[in-house]
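Comments concern the structure below.
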Amino acid sequence: MDQSQPHFTTVGQLIHTNPLQFGVTTTCMEVAIALLSSHLSGGPVLDEAGRYLGFVSEFDLLKALDHSQDLKKVTTQQIMSKEAHLIHNGTTIKEAIRIMEEKNLLNLCVEENGVVTKTFTRHDLLRGFL
């Protein structure tokens, strides 16, 4: 097989391995436990309807700790990154890889009809490419 071309074409054809999703009132300690338990680097912060509000990552938690914040009292809403880097099921794997590379992202959320349906990791994209 030609490994310069992905095995699959779009992210909608892939299985995602990051099931994490957080609410705005989720404490950072809960996030830390979820990340450490799952060996994942972050997850989207969603409202009750599943709409994207932000993304919380290990980097955000480390920054909070560096600023002596109590992870039991700080919520995702207080530390999440609000910049949205969303893709859709029809996004090509190559385009998703390009976005991750350009934006230095470890994860990309898929949004369909205004709702986040899944989150892909770099590992997921690599697996889909091979």
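Ligands are numbered from 1 in the order shown, chains are lettered A, B, ... in the order of the structure tokens, and residues start at 1 in each chain.
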Which residues, written as an mmCIF file with N, CA, C and O atoms, in the first residue's frame, have at least one atom at most 9 Å from Thr26 (chain A), with only C-alpha atoms counted and residues fewer than 3 positions away on the same chain left out?
```cif
data_model
loop_
_atom_site.group_PDB
_atom_site.id
_atom_site.type_symbol
_atom_site.label_atom_id
_atom_site.label_comp_id
_atom_site.auth_asym_id
_atom_site.auth_seq_id
_atom_site.Cartn_x
_atom_site.Cartn_y
_atom_site.Cartn_z
ATOM 1 N N PHE A 22 -16.321 17.619 29.126
ATOM 2 C CA PHE A 22 -16.484 18.241 30.433
ATOM 3 C C PHE A 22 -17.517 19.350 30.364
ATOM 4 O O PHE A 22 -17.738 19.945 29.317
ATOM 5 N N GLY A 23 -18.122 19.643 31.503
ATOM 6 C CA GLY A 23 -19.036 20.769 31.623
ATOM 7 C C GLY A 23 -18.307 21.967 32.204
ATOM 8 O O GLY A 23 -17.186 21.848 32.703
ATOM 9 N N MET A 29 -9.830 19.401 39.402
ATOM 10 C CA MET A 29 -9.381 18.142 39.997
ATOM 11 C C MET A 29 -10.069 16.973 39.301
ATOM 12 O O MET A 29 -9.428 15.959 39.005
ATOM 13 N N GLU A 30 -11.354 17.116 38.996
ATOM 14 C CA GLU A 30 -12.067 16.062 38.264
ATOM 15 C C GLU A 30 -11.457 15.866 36.877
ATOM 16 O O GLU A 30 -11.311 14.731 36.414
ATOM 17 N N VAL A 31 -11.102 16.971 36.231
ATOM 18 C CA VAL A 31 -10.462 16.895 34.912
ATOM 19 C C VAL A 31 -9.125 16.183 35.026
ATOM 20 O O VAL A 31 -8.811 15.291 34.235
ATOM 21 N N VAL A 45 -14.918 21.331 26.476
ATOM 22 C CA VAL A 45 -15.858 21.811 27.486
ATOM 23 C C VAL A 45 -17.125 22.187 26.721
ATOM 24 O O VAL A 45 -17.077 23.001 25.795
ATOM 25 N N VAL A 74 -11.172 25.398 41.346
ATOM 26 C CA VAL A 74 -11.168 26.020 40.021
ATOM 27 C C VAL A 74 -11.973 25.145 39.063
ATOM 28 O O VAL A 74 -11.878 23.915 39.113
ATOM 29 N N THR A 75 -12.767 25.783 38.199
ATOM 30 C CA THR A 75 -13.569 25.027 37.227
ATOM 31 C C THR A 75 -12.964 25.129 35.830
ATOM 32 O O THR A 75 -12.131 25.995 35.560
ATOM 33 N N THR A 76 -13.433 24.272 34.959
ATOM 34 C CA THR A 76 -12.959 24.282 33.573
ATOM 35 C C THR A 76 -13.198 25.635 32.924
ATOM 36 O O THR A 76 -12.371 26.108 32.154
ATOM 37 N N GLN A 77 -14.324 26.254 33.239
ATOM 38 C CA GLN A 77 -14.667 27.543 32.631
ATOM 39 C C GLN A 77 -13.605 28.604 32.933
ATOM 40 O O GLN A 77 -13.367 29.491 32.126
#
```
task = Could you tell me, as a count of residues only, which residues of region 42-124 of chain A DSSP assigns to strand (DSSP E or B) when given the backbone?
result = 29
Using only C-alpha atoms: which of A:Tyr52, A:Ala32, A:Gln13, A:Asp47 has the shortest distance to Leu108 (chain A) =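 Closest residue, counting only C-alpha atoms: A:Tyr52.
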key: Which of A:Leu105, A:Leu86, A:Arg51, A:Met80 sits closest to Ala64 (chain A) [using only C-alpha atoms]   = A:Met80
query = Which residue out of A:Thr117, A:Cys28, A:Leu61, A:Leu126 has the minimum interatomic distance to Gly12 (chain A) when only C-alpha atoms are used?
reply =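 Smallest separation from Gly12 (chain A) among the options: A:Thr117.
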task = List the neighbours of region 55-58 of chain A out to 6 Å using only C-alpha atoms; skip same-chain residues closer than 5 positions along the sequence, and give me the result as a PyMOL selection string.
result = chain A and resi 41-45+80-81
Using the selection just defined, write its residues with all heavy atoms as an mmCIF file, in the first residue's frame.
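Writing the result to again_26.cif gives the following:
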```
data_model
loop_
_atom_site.group_PDB
_atom_site.id
_atom_site.type_symbol
_atom_site.label_atom_id
_atom_site.label_comp_id
_atom_site.auth_asym_id
_atom_site.auth_seq_id
_atom_site.Cartn_x
_atom_site.Cartn_y
_atom_site.Cartn_z
ATOM 1 N N SER A 41 -4.825 13.802 26.814
ATOM 2 C CA SER A 41 -4.236 15.109 27.125
ATOM 3 C C SER A 41 -5.257 16.224 27.320
ATOM 4 O O SER A 41 -4.899 17.322 27.722
ATOM 5 C CB SER A 41 -3.265 15.511 26.017
ATOM 6 O OG SER A 41 -3.958 15.609 24.792
ATOM 7 N N GLY A 42 -6.536 15.974 27.054
ATOM 8 C CA GLY A 42 -7.538 17.009 27.241
ATOM 9 C C GLY A 42 -8.867 16.619 26.652
ATOM 10 O O GLY A 42 -9.022 15.528 26.089
ATOM 11 N N GLY A 43 -9.840 17.522 26.816
ATOM 12 C CA GLY A 43 -11.160 17.271 26.263
ATOM 13 C C GLY A 43 -11.948 18.557 26.121
ATOM 14 O O GLY A 43 -11.629 19.563 26.759
ATOM 15 N N PRO A 44 -12.984 18.517 25.308
ATOM 16 C CA PRO A 44 -13.787 19.712 25.098
ATOM 17 C C PRO A 44 -14.658 20.042 26.309
ATOM 18 O O PRO A 44 -15.071 19.150 27.051
ATOM 19 C CB PRO A 44 -14.657 19.345 23.894
ATOM 20 C CG PRO A 44 -14.786 17.867 23.970
ATOM 21 C CD PRO A 44 -13.479 17.381 24.528
ATOM 22 N N VAL A 45 -14.918 21.331 26.476
ATOM 23 C CA VAL A 45 -15.858 21.811 27.486
ATOM 24 C C VAL A 45 -17.125 22.187 26.721
ATOM 25 O O VAL A 45 -17.077 23.001 25.795
ATOM 26 C CB VAL A 45 -15.294 23.019 28.260
ATOM 27 C CG1 VAL A 45 -16.294 23.513 29.286
ATOM 28 C CG2 VAL A 45 -13.964 22.654 28.929
ATOM 29 N N MET A 80 -10.109 27.051 30.751
ATOM 30 C CA MET A 80 -10.156 26.468 29.404
ATOM 31 C C MET A 80 -9.705 27.471 28.347
ATOM 32 O O MET A 80 -9.821 28.675 28.514
ATOM 33 C CB MET A 80 -11.568 25.991 29.073
ATOM 34 C CG MET A 80 -12.563 27.106 28.916
ATOM 35 S SD MET A 80 -14.217 26.448 28.642
ATOM 36 C CE MET A 80 -15.122 27.987 28.425
ATOM 37 N N SER A 81 -9.201 26.920 27.255
ATOM 38 C CA SER A 81 -8.902 27.712 26.075
ATOM 39 C C SER A 81 -10.210 27.876 25.310
ATOM 40 O O SER A 81 -10.914 26.899 25.059
ATOM 41 C CB SER A 81 -7.873 26.989 25.203
ATOM 42 O OG SER A 81 -7.802 27.586 23.946
#
```
Closest of A:Ser38, A:Thr25, A:Val110, A:Thr119 to Ile79 (chain A) - atom-to-atom distances counting only C-alpha atoms = A:Thr25
key: Among listed residues A:His39, A:Lys82, A:Arg122, A:His88, nearest Met100 (chain A) (using only C-alpha atoms)   =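 With only C-alpha atoms as the atom set, the closest residue is A:Arg122.
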request  = Just the residues within 10 Å of Thr10 (chain A), please, counting only C-alpha atoms, with nothing from its chain fewer than 2 positions along; format it as a PyMOL selection string.
outcome  = chain A and resi 6-8+12-14+88-96+125+128-129
Based on the selection just made, write N, CA, C and O atoms of those residues as a PDB file, in the first residue's frame.
```pdb
ATOM      1  N   PRO A   6      -3.536   8.389   2.809  1.00  0.00           N
ATOM      2  CA  PRO A   6      -4.213   7.765   3.947  1.00  0.00           C
ATOM      3  C   PRO A   6      -5.029   6.544   3.545  1.00  0.00           C
ATOM      4  O   PRO A   6      -5.552   6.482   2.436  1.00  0.00           O
ATOM      5  N   HIS A   7      -5.114   5.595   4.458  1.00  0.00           N
ATOM      6  CA  HIS A   7      -5.930   4.396   4.254  1.00  0.00           C
ATOM      7  C   HIS A   7      -7.400   4.803   4.147  1.00  0.00           C
ATOM      8  O   HIS A   7      -8.138   4.268   3.342  1.00  0.00           O
ATOM      9  N   PHE A   8      -7.807   5.767   4.978  1.00  0.00           N
ATOM     10  CA  PHE A   8      -9.144   6.337   4.931  1.00  0.00           C
ATOM     11  C   PHE A   8      -9.018   7.758   4.401  1.00  0.00           C
ATOM     12  O   PHE A   8      -7.936   8.333   4.398  1.00  0.00           O
ATOM     13  N   GLY A  12     -14.520  11.283   9.383  1.00  0.00           N
ATOM     14  CA  GLY A  12     -15.779  10.593   9.658  1.00  0.00           C
ATOM     15  C   GLY A  12     -15.692   9.089   9.507  1.00  0.00           C
ATOM     16  O   GLY A  12     -16.543   8.362  10.026  1.00  0.00           O
ATOM     17  N   GLN A  13     -14.666   8.620   8.827  1.00  0.00           N
ATOM     18  CA  GLN A  13     -14.471   7.179   8.633  1.00  0.00           C
ATOM     19  C   GLN A  13     -13.682   6.539   9.779  1.00  0.00           C
ATOM     20  O   GLN A  13     -13.574   5.319   9.834  1.00  0.00           O
ATOM     21  N   LEU A  14     -13.150   7.366  10.672  1.00  0.00           N
ATOM     22  CA  LEU A  14     -12.265   6.874  11.729  1.00  0.00           C
ATOM     23  C   LEU A  14     -13.003   6.617  13.032  1.00  0.00           C
ATOM     24  O   LEU A  14     -14.052   7.193  13.295  1.00  0.00           O
ATOM     25  N   HIS A  88     -15.197  18.752  10.860  1.00  0.00           N
ATOM     26  CA  HIS A  88     -16.452  18.054  10.595  1.00  0.00           C
ATOM     27  C   HIS A  88     -16.145  16.657  10.066  1.00  0.00           C
ATOM     28  O   HIS A  88     -15.020  16.376   9.654  1.00  0.00           O
ATOM     29  N   ASN A  89     -17.128  15.791  10.072  1.00  0.00           N
ATOM     30  CA  ASN A  89     -16.919  14.417   9.602  1.00  0.00           C
ATOM     31  C   ASN A  89     -16.353  14.370   8.189  1.00  0.00           C
ATOM     32  O   ASN A  89     -15.622  13.462   7.840  1.00  0.00           O
ATOM     33  N   GLY A  90     -16.667  15.356   7.364  1.00  0.00           N
ATOM     34  CA  GLY A  90     -16.172  15.390   5.993  1.00  0.00           C
ATOM     35  C   GLY A  90     -14.772  15.961   5.842  1.00  0.00           C
ATOM     36  O   GLY A  90     -14.219  15.951   4.736  1.00  0.00           O
ATOM     37  N   THR A  91     -14.178  16.435   6.936  1.00  0.00           N
ATOM     38  CA  THR A  91     -12.813  16.960   6.875  1.00  0.00           C
ATOM     39  C   THR A  91     -11.858  15.828   6.514  1.00  0.00           C
ATOM     40  O   THR A  91     -11.932  14.741   7.089  1.00  0.00           O
ATOM     41  N   THR A  92     -10.978  16.081   5.564  1.00  0.00           N
ATOM     42  CA  THR A  92     -10.023  15.031   5.202  1.00  0.00           C
ATOM     43  C   THR A  92      -9.014  14.822   6.312  1.00  0.00           C
ATOM     44  O   THR A  92      -8.742  15.735   7.101  1.00  0.00           O
ATOM     45  N   ILE A  93      -8.475  13.637   6.360  1.00  0.00           N
ATOM     46  CA  ILE A  93      -7.451  13.327   7.368  1.00  0.00           C
ATOM     47  C   ILE A  93      -6.248  14.232   7.158  1.00  0.00           C
ATOM     48  O   ILE A  93      -5.671  14.747   8.123  1.00  0.00           O
ATOM     49  N   LYS A  94      -5.882  14.465   5.904  1.00  0.00           N
ATOM     50  CA  LYS A  94      -4.730  15.334   5.624  1.00  0.00           C
ATOM     51  C   LYS A  94      -4.974  16.752   6.139  1.00  0.00           C
ATOM     52  O   LYS A  94      -4.077  17.380   6.702  1.00  0.00           O
ATOM     53  N   GLU A  95      -6.186  17.274   5.968  1.00  0.00           N
ATOM     54  CA  GLU A  95      -6.517  18.612   6.457  1.00  0.00           C
ATOM     55  C   GLU A  95      -6.482  18.644   7.988  1.00  0.00           C
ATOM     56  O   GLU A  95      -5.988  19.601   8.595  1.00  0.00           O
ATOM     57  N   ALA A  96      -7.010  17.604   8.637  1.00  0.00           N
ATOM     58  CA  ALA A  96      -6.984  17.532  10.101  1.00  0.00           C
ATOM     59  C   ALA A  96      -5.538  17.516  10.607  1.00  0.00           C
ATOM     60  O   ALA A  96      -5.208  18.201  11.586  1.00  0.00           O
ATOM     61  N   LEU A 125      -5.477   9.905  14.078  1.00  0.00           N
ATOM     62  CA  LEU A 125      -5.198  10.293  12.700  1.00  0.00           C
ATOM     63  C   LEU A 125      -4.065   9.446  12.111  1.00  0.00           C
ATOM     64  O   LEU A 125      -4.131   9.068  10.944  1.00  0.00           O
ATOM     65  N   GLY A 128      -5.496   6.149  11.176  1.00  0.00           N
ATOM     66  CA  GLY A 128      -6.312   6.248   9.969  1.00  0.00           C
ATOM     67  C   GLY A 128      -5.473   6.400   8.710  1.00  0.00           C
ATOM     68  O   GLY A 128      -5.878   5.980   7.627  1.00  0.00           O
ATOM     69  N   PHE A 129      -4.311   7.009   8.865  1.00  0.00           N
ATOM     70  CA  PHE A 129      -3.429   7.205   7.714  1.00  0.00           C
ATOM     71  C   PHE A 129      -2.795   5.889   7.294  1.00  0.00           C
ATOM     72  O   PHE A 129      -2.598   5.635   6.106  1.00  0.00           O
TER      73      PHE A 129
END
```
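Considering only C-alpha atoms, the residue among A:Ile15, A:Ala84, A:Val115, A:Leu130 positioned nearest to Gly54 (chain A) is A:Ala84.
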